[in-house]
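Before any comments, here is the structure.
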Amino acid sequence: MCGAEQPRMSPAKRVASRHGSAGRRATTAGAGVLLGAAALALLRASAPCWLSPSPASSATHRRGALTAALGAALAISVEPPAEAFDNAIKIIRRDANDRKKKGPQPTEIGLEPRKFLENALGMKECTDKTPNCFSTTGVEGLDAGFHLVSPWQFSGKSPKAALEEVRDVILTYPPGQQGIDGGGFSFIAEEQNCIYFQFESLKRGHLDDVEFCIEPGTNMEGISGNMLLRSSSRQGFWDFGVNAVRLNWISDQMRKKGGWKADEITQITHPIYWGANCQGGETRKAPFSVREAFPKYCPESPA
């Protein structure tokens, strides 16, 4: 732990069966990276605050430890197979002119001081005016119905158990469900307060980053609390409903477990997001018709 701050994320232990395997009131919504032995050694040498109990020398060091460690690790991280994650529904062979469009690895992943939260720890807000991101950090008057989602509430279980439930549910996620995430997914990192996954589209190889963190300040000995979350596409304008459909699958599984209040992202709760994507799915370059794929969320016929 770095001083008295929220513990930072440590690298996930790679397990073969797992690989692939929110007036201006802001609300809050971790991550790390899959590391090989060389990356772990480098991080231990270059980011002791993140990986060891030694206190940080300054607030600045503490604030940047996670981001710096993530960047260092990415330089030498163990890459997924060139074609797809292990649990992709199929492998698409690509030539040199049709490489995957993964997009740049995002910065500021995890719990960091956020300007929307008056520098309190939280998850990154959705900064672009694009309908392809959800976060529990944002400006209520601007992001409601668009990017902002409520924290998922859990009860009757410890925060640690709640995070483990979310992790275990995602590990059972079926790539290709409702025609999305056919490129599979990977469990990238976990720590006692955060988990981080990546999901990939099948045809274009686009990557989405999905994070869940226990809300800072939660009584870790209690049996209730809030789970912060963020799900975002790395590139493009529309996401054609993919981030919503994915989160809705996960939230549905959590509600079935009991002890969870995790709202569905619908046309009523997020009309701006769904309105844009339902229309975007009718454009010439759309990978599929959003209205046809998700009629529940696009009930009206195009004008």
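Chain lettering (A, B, ...) mirrors the order of the structure tokens, residue numbering begins at 1 for each chain separately, and ligand numbering begins at 1 in order of display.
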*Taking the backbone alone, and naming residues the way the document does, which bits of segment 51-296 of chain A are strand (DSSP E) by DSSP, as a PyMOL selection string?*
chain A and resi 112-114+120-122+133-135+138-139+152-155+185-191+194-200+207-214+224-233+260-261
Counting only C-alpha atoms, which residues of segment 215-300 of chain A sit at most 7 Å from some atom of segment 119-137 of chain A, and what is each one's closest atom pair with its distance in Å to one decimal, listed by chain and rising residue number, as JSON lines?
{"residue": "A:Pro216", "atom": "CA", "partner": "A:Leu121", "partner_atom": "CA", "distance": 6.8}
{"residue": "A:Leu228", "atom": "CA", "partner": "A:Thr136", "partner_atom": "CA", "distance": 6.0}
{"residue": "A:Leu229", "atom": "CA", "partner": "A:Ser135", "partner_atom": "CA", "distance": 5.9}
{"residue": "A:Arg230", "atom": "CA", "partner": "A:Ser135", "partner_atom": "CA", "distance": 4.3}
{"residue": "A:Ser231", "atom": "CA", "partner": "A:Phe134", "partner_atom": "CA", "distance": 5.3}
{"residue": "A:Ser232", "atom": "CA", "partner": "A:Cys133", "partner_atom": "CA", "distance": 4.2}
{"residue": "A:Ser233", "atom": "CA", "partner": "A:Asn132", "partner_atom": "CA", "distance": 5.7}
{"residue": "A:Phe237", "atom": "CA", "partner": "A:Thr130", "partner_atom": "CA", "distance": 5.3}
{"residue": "A:Trp238", "atom": "CA", "partner": "A:Pro131", "partner_atom": "CA", "distance": 5.4}
{"residue": "A:Asp239", "atom": "CA", "partner": "A:Asn132", "partner_atom": "CA", "distance": 4.7}
{"residue": "A:Asn243", "atom": "CA", "partner": "A:Asn132", "partner_atom": "CA", "distance": 6.8}
{"residue": "A:Tyr273", "atom": "CA", "partner": "A:Pro131", "partner_atom": "CA", "distance": 5.2}
{"residue": "A:Ala276", "atom": "CA", "partner": "A:Pro131", "partner_atom": "CA", "distance": 6.7}
{"residue": "A:Asn277", "atom": "CA", "partner": "A:Pro131", "partner_atom": "CA", "distance": 7.0}
Can I get the selection written as a JSON list (two decimals), in the first residue's frame, with C-alpha atoms?
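In the end it all went to result20.json:
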[["chain", "number", "residue", "atom", "x", "y", "z"],
["A", 216, "PRO", "CA", -12.85, 4.17, -2.33],
["A", 228, "LEU", "CA", -17.56, 1.38, -9.68],
["A", 229, "LEU", "CA", -17.19, 0.50, -13.34],
["A", 230, "ARG", "CA", -16.06, 1.71, -16.73],
["A", 231, "SER", "CA", -16.45, 0.14, -20.16],
["A", 232, "SER", "CA", -15.07, 1.95, -23.19],
["A", 233, "SER", "CA", -14.09, 1.46, -26.79],
["A", 237, "PHE", "CA", -17.44, 7.03, -32.90],
["A", 238, "TRP", "CA", -20.27, 4.56, -32.39],
["A", 239, "ASP", "CA", -19.85, 1.28, -30.59],
["A", 243, "ASN", "CA", -20.51, -1.79, -24.50],
["A", 273, "TYR", "CA", -26.47, 6.64, -26.29],
["A", 276, "ALA", "CA", -27.06, 7.56, -31.65],
["A", 277, "ASN", "CA", -26.13, 3.90, -31.98]]
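Near Gly156 of chain A, within a cut-off of 9 Å and counting only C-alpha atoms, sit the residues Gly222, Ile223, Ser224, Gly258 and Gly259 of chain A, with same-chain residues fewer than 6 positions away left out.
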Restricting it to N, CA and C atoms, dump the selection as a compact mmCIF listing (two decimals), in the first residue's frame.
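Below is the file result-v5.txt, written as the result:
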# COMPACT_ATOMS: atom_id res chain seq x y z
N GLY A 222 -17.28 -4.52 6.08
CA GLY A 222 -18.73 -4.47 6.03
C GLY A 222 -19.31 -5.49 5.07
N ILE A 223 -20.64 -5.44 4.91
CA ILE A 223 -21.31 -6.40 4.03
C ILE A 223 -22.18 -5.68 3.01
N SER A 224 -21.77 -4.48 2.61
CA SER A 224 -22.48 -3.74 1.57
C SER A 224 -21.54 -2.69 1.02
N GLY A 258 -28.19 -12.59 -6.74
CA GLY A 258 -28.81 -12.05 -5.54
C GLY A 258 -27.86 -11.11 -4.81
N GLY A 259 -28.44 -10.12 -4.12
CA GLY A 259 -27.62 -9.18 -3.37
C GLY A 259 -27.01 -8.10 -4.25
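Using only C-alpha atoms, the residues found no farther than 12 Å from Arg167 of chain A, other than those of its own chain fewer than 5 positions away, are Arg18, Ser21, Lys160, Ala161, Ala162, Thr172, Tyr173, Ser186, Phe187, Ile188, Ala189, Glu190, Glu191, Gln192, Asn193, Cys194, Ile195, Tyr196, Phe197, Val210, Glu211, Phe212, Cys213, Met227, Ile250, Ser251, Gln253 and Met254 of chain A.
Shortest separation to Val169 of chain A among A:Lys203, A:Lys256, A:Arg114, A:Lys157 occurs at residue A:Lys256, atoms counted being only C-alpha atoms.
In this structure, atom CA of Ile92 of chain A sits 21.2 Å away from atom CA of Phe240 of chain A.
Near Ile272 of chain A, within a cut-off of 7 Å and counting only C-alpha atoms, sit the residues A:Gly145, A:Phe146, A:His270, A:Trp274, A:Gly275, A:Ala276, with same-chain residues fewer than 2 positions away left out.
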Would you mind exporting N, CA and C atoms of the selected residues as a CSV table (one decimal), in the first residue's frame?
chain,number,residue,atom,x,y,z
A,145,GLY,N,-27.9,9.9,-19.3
A,145,GLY,CA,-28.5,9.4,-20.5
A,145,GLY,C,-27.6,9.1,-21.6
A,146,PHE,N,-26.3,9.4,-21.4
A,146,PHE,CA,-25.3,9.3,-22.4
A,146,PHE,C,-24.2,8.3,-22.0
A,270,HIS,N,-30.8,5.5,-21.1
A,270,HIS,CA,-29.7,6.1,-21.9
A,270,HIS,C,-30.2,6.4,-23.3
A,274,TRP,N,-28.4,5.2,-26.9
A,274,TRP,CA,-29.0,4.3,-27.8
A,274,TRP,C,-29.5,4.9,-29.1
A,275,GLY,N,-30.0,6.2,-29.0
A,275,GLY,CA,-30.5,6.9,-30.2
A,275,GLY,C,-29.4,7.0,-31.2
A,276,ALA,N,-28.2,7.4,-30.7
A,276,ALA,CA,-27.1,7.6,-31.7
A,276,ALA,C,-26.7,6.2,-32.3
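You will find atom CA of Pro175 of chain A at 19.3 Å from atom CA of Glu292 of chain A.
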*Could you tell me how far atom CA of Arg204 of chain A lies from atom CA of Gly183 of chain A, in Å and to one decimal?*
8.9 Å
